[in-house]
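Here is the structure we will look at, set down as structure tokens.
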Amino acid sequence: MTDFKLIFSYLRSRILMTSLTVISVALGLALATIVLILSTQTQSTLNKETANWDIVVGAKGSPLQIVLNSLYYLDSPVGNVNISVWKRLQSDPVVERVIPLTMGDNYFGSPIVGTIPAFFDGRKAINNDGLFAQGKCFIKPFEAVVGSEVARRSDLQIGQKIIGAHGWGKSDDFHPQFPYTVVGVLSPTGTNIDRAVYVDYHSTWIVHSHPDADEKPEPGHDPTSEVTSLLVRLNQPAARFRLIQDLNAHQAAMAVVPVDQIDKVASTFIAPLQGILLIVAYLVVFVSSLTILISLYYSIHQRRRDIAVIRSLGATRVDVFRVIALEASVLSAFGVISGWLLGHGITALGSSMVMTRFGIALNAWHFEPIEGVVALSVLILGVFAGLLPAIIAYRLSVADILVQE
Amino acid sequence: MIYCHDIKKNYSIFGHTLHWAVDELSIKKGERILISGPSGCGKTTLLNLLAGLLRPDEGTITIAGERIDSMSSHDVDIFRGHHLGLIFQSFQLLSTLTVTDNLLLGARYGRKWSASEAHHHADKLLTEVGLTKRVHAMPKLLSIGEQQRVAIARAVINEPAVILADEPTASLDKTNAATILDMLFRICDTHNSTLVMVSHDTSIASRFTRIIDASTWVTHEELYND
């Protein structure tokens, strides 16, 4: 007979109260876990992409929209940039590389991004395997490389033909006369790249300048002279502000520092939201701890006779205190384990939706150190909640109870 | 084995303060003592004092050579687990534990046996009290007689030097009461335990080596002066 056997016999005997208590702790911790996973992994994914580029150049408009569109495909393009800007950047000695992006079509909601093969340079798959799971990069127009999520969702294979549709979001405005051939399938990267289709940028020029194109170019407007945006990496990061000032002052374009925009989003949107959700989660956990206290408090009153009997058998006050405190710890530990599993389980279930909608790959079973801190806090709170009932049990007068009963 | 000297205990009941005292009480090892007397004369008080569940206001209580009245609460609890076995009128089994686990709980706080030894003793005792087929049963599924047999087995699992029984047959019919008494005496004989039993039933007096009439103890009461 161990303390745990005794404790489990009591927990079993009031299974409904035990379950409700565990569930309430679990819900609080699950909420906290989900918030922590989402915030830390979202931040990490956003940072991963911003770290690749020093400057993003797009049409004049919203700087945040340029970044969200060009790096994360989360917003529609602001407009277009003349290729003279591209040429200008290519000839600038402080520029290490400049990648053009052309957008405007989609494949069943996934953006079709026109670019150059150098776009993939330096990128790694999530498991450090080769970036290309199958096939190779496009080398000519109307060859396509599909991200892992697009390939998975549409079950795309090498050699398969795909038809794009006009517009940023999903639409029925297909371009059947311009099919793409899948020549490469990317490995999962855990970034927005997984949910896009990449083609040679000439392809998008051809599609949108063809006489049969649905969207007729405005008079004097030549689609082959524009790109949607430019991703710029510098070999002298210190030259960034000089270049930005120069571009913004003299070109019909806007240059922005992506990391600044993402930090702004993080500080004005993600962090406060995370804070509010964490406060809610901690309140739920606090209330759950009160549930443990109330549950054990009433349990002690119902078990006065049992406690007296155990004492009459030779248990010391410390033995009784330990059993009640352990019972609170067990309830709390069950809640913590269930909450952790629930939080990660819900994240695993929702990760596909998050990937599809936001291009953020959530590693649902990855353990963030902060989760350990939160779980430990909940555990300690639960143990503290058991102290009052344990003290009451400690102070019970055995003789009085046995005589009364 | 048990020696009480000039013990006094004051307690309150129904607005009265009772002053209870026993000048001298000496019980030898292996004796079977029946304590009888009218309600309120302090029979259960004596058992609680001997069990260390109450402390005397004055006087000394020595059991197995140790002064339990001056021990710390912790030491009294340990002493009780080691040396004393308590049997109650209402059995006091833990309803959430099986028959075997109730016995193992007694063994746990007796702190005498290893886990395997405790299991061995529990099995042996349940055989002795004829409950081998009920080892996994929950107490509420047992008859009253069976419940008291479990309570007796639990009280003696640590082979206590002294068994303190507070009206153990009061809840039983005559047949069951006789069976339980037989069992209790047999177990006391086996382990050479001293038995101190409280009972109103004087018809069983002949089975004991000595009868103590509790009505001779000095008890007087006074009203509260609020």
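Ordered as shown in the structure tokens, chains take letters A, B, and onward, while each chain numbers its residues from 1 and ligands are numbered from 1 in the order shown.
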Apply DSSP to the structure's backbone, then extract all residues of stretch 55-198 of chain B labelled strand (DSSP E) and return them as a PyMOL selection string.
-> chain B and resi 58-63+66-67+84-87+162-166+194-198
Chain B residues near chain A (9 Å cut-off, only C-alpha atoms) as a ChimeraX atom specification | /B:44-45,48,51-54,73-82,84-86,88,90,92-97,101-102,104-111,115,118,154-155
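By only C-alpha atoms, and with residues fewer than 4 positions from B:Ser36 along its chain excluded, the set lying at most 12 Å from it is Gly40, Cys41, Gly42, Lys43, Thr44, Leu46, Asp166, Glu167, Val196, Met197, Val198, Ser199, His200, Asp201, Thr202, Ser203, Ile204, Ala205, Phe208, Arg210, Ile211, Ile212, Asp213, Ala214, Ser215, Thr216 and Trp217 of chain B.
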Can you tell me, as JSON, numbers by chain, what residues are no more than 8 Å from B:Leu125 when counting only C-alpha atoms, ignoring any on the same chain fewer than 4 positions away?
-> {"B": [121, 129, 153, 157]}
Could you name the residues that touch A:Ile279 at 12 Å or less, counting only C-alpha atoms, but leaving out those on the same chain fewer than 2 positions away, as a count of residues only?
-> 18
May I ask which of the residues B:Lys8, B:Lys29, B:His19, B:Lys174 is the closest one to B:Ala161, counting only C-alpha atoms?
->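 Between B:Lys8, B:Lys29, B:His19, B:Lys174, the residue approaching B:Ala161 most closely is B:Lys29.
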Pick out the residues sitting within 10 Å of A:Lys170, and hand them over as a VMD selection string; count only C-alpha atoms, and ignore anything fewer than 4 positions along from it in its own chain.
-> chain A and resid 105 to 111 164 to 166
Residues from the last selection, N, CA and C atoms, saved as a PDB file, in the first residue's frame:
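Saved as result11.pdb:
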ATOM      1  N   ASP A 105      -1.343  35.792 -60.499  1.00  0.00           N
ATOM      2  CA  ASP A 105      -2.128  34.596 -60.805  1.00  0.00           C
ATOM      3  C   ASP A 105      -2.059  33.643 -59.622  1.00  0.00           C
ATOM      4  N   ASN A 106      -2.969  32.691 -59.656  1.00  0.00           N
ATOM      5  CA  ASN A 106      -2.959  31.696 -58.587  1.00  0.00           C
ATOM      6  C   ASN A 106      -3.301  30.328 -59.129  1.00  0.00           C
ATOM      7  N   TYR A 107      -2.903  29.324 -58.349  1.00  0.00           N
ATOM      8  CA  TYR A 107      -3.284  27.957 -58.699  1.00  0.00           C
ATOM      9  C   TYR A 107      -4.147  27.450 -57.542  1.00  0.00           C
ATOM     10  N   PHE A 108      -5.450  27.453 -57.758  1.00  0.00           N
ATOM     11  CA  PHE A 108      -6.419  27.077 -56.719  1.00  0.00           C
ATOM     12  C   PHE A 108      -6.111  27.769 -55.383  1.00  0.00           C
ATOM     13  N   GLY A 109      -5.878  29.067 -55.477  1.00  0.00           N
ATOM     14  CA  GLY A 109      -5.660  29.867 -54.271  1.00  0.00           C
ATOM     15  C   GLY A 109      -4.203  30.033 -53.890  1.00  0.00           C
ATOM     16  N   SER A 110      -3.330  29.178 -54.401  1.00  0.00           N
ATOM     17  CA  SER A 110      -1.902  29.328 -54.080  1.00  0.00           C
ATOM     18  C   SER A 110      -1.279  30.296 -55.082  1.00  0.00           C
ATOM     19  N   PRO A 111      -0.523  31.272 -54.596  1.00  0.00           N
ATOM     20  CA  PRO A 111       0.032  32.261 -55.527  1.00  0.00           C
ATOM     21  C   PRO A 111       1.023  31.645 -56.511  1.00  0.00           C
ATOM     22  N   GLY A 164      -3.073  27.982 -64.336  1.00  0.00           N
ATOM     23  CA  GLY A 164      -3.230  29.084 -63.402  1.00  0.00           C
ATOM     24  C   GLY A 164      -4.523  29.845 -63.667  1.00  0.00           C
ATOM     25  N   ALA A 165      -4.933  30.632 -62.683  1.00  0.00           N
ATOM     26  CA  ALA A 165      -6.122  31.474 -62.839  1.00  0.00           C
ATOM     27  C   ALA A 165      -5.723  32.897 -62.497  1.00  0.00           C
ATOM     28  N   HIS A 166      -6.423  33.849 -63.097  1.00  0.00           N
ATOM     29  CA  HIS A 166      -6.068  35.230 -62.865  1.00  0.00           C
ATOM     30  C   HIS A 166      -6.549  35.684 -61.487  1.00  0.00           C
TER      31      HIS A 166
END
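Contact shell of A:Ser187 at 7 Å (only C-alpha atoms; same-chain neighbours under 2 positions omitted): A:Ala125, A:Leu131, A:Phe132, A:Ala133, A:Ser148, A:Val185, A:Thr189.
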Quick one, how far is atom CA of A:Arg195 from atom CA of A:Gly147?
->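 Computing it gives 5.3 Å between the two atoms.
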Against stretch 352-370 of chain A, which residues of stretch 316-348 of chain A fall within 9 Å? For each one I want the closest pair of atoms and the distance in Å (one decimal), counting only C-alpha atoms, rows by chain and increasing residue number, as a tab-separated table.
residue	atom	partner	partner_atom	distance
A:Leu341	CA	A:Trp365	CA	8.9
A:Gly343	CA	A:Ala364	CA	8.8
A:His344	CA	A:Ala364	CA	5.5
A:Gly345	CA	A:Ala364	CA	7.3
A:Ile346	CA	A:Ala364	CA	8.4
A:Thr347	CA	A:Ala364	CA	5.4
A:Ala348	CA	A:Ala364	CA	4.9
If you keep C-alpha atoms, can you produce a file of those selected residues as a PDB file, in the first residue's frame?
ATOM      1  CA  LEU A 341      -1.191  16.956 -24.827  1.00  0.00           C
ATOM      2  CA  GLY A 343      -2.649  21.993 -26.512  1.00  0.00           C
ATOM      3  CA  HIS A 344      -0.202  20.251 -28.799  1.00  0.00           C
ATOM      4  CA  GLY A 345      -2.916  17.961 -30.176  1.00  0.00           C
ATOM      5  CA  ILE A 346      -5.150  20.907 -31.103  1.00  0.00           C
ATOM      6  CA  THR A 347      -2.133  22.631 -32.665  1.00  0.00           C
ATOM      7  CA  ALA A 348      -1.378  19.481 -34.674  1.00  0.00           C
TER       8      ALA A 348
END
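Going from atom CA of A:Leu296 over to atom CA of A:Thr21, you cover 10.1 Å.
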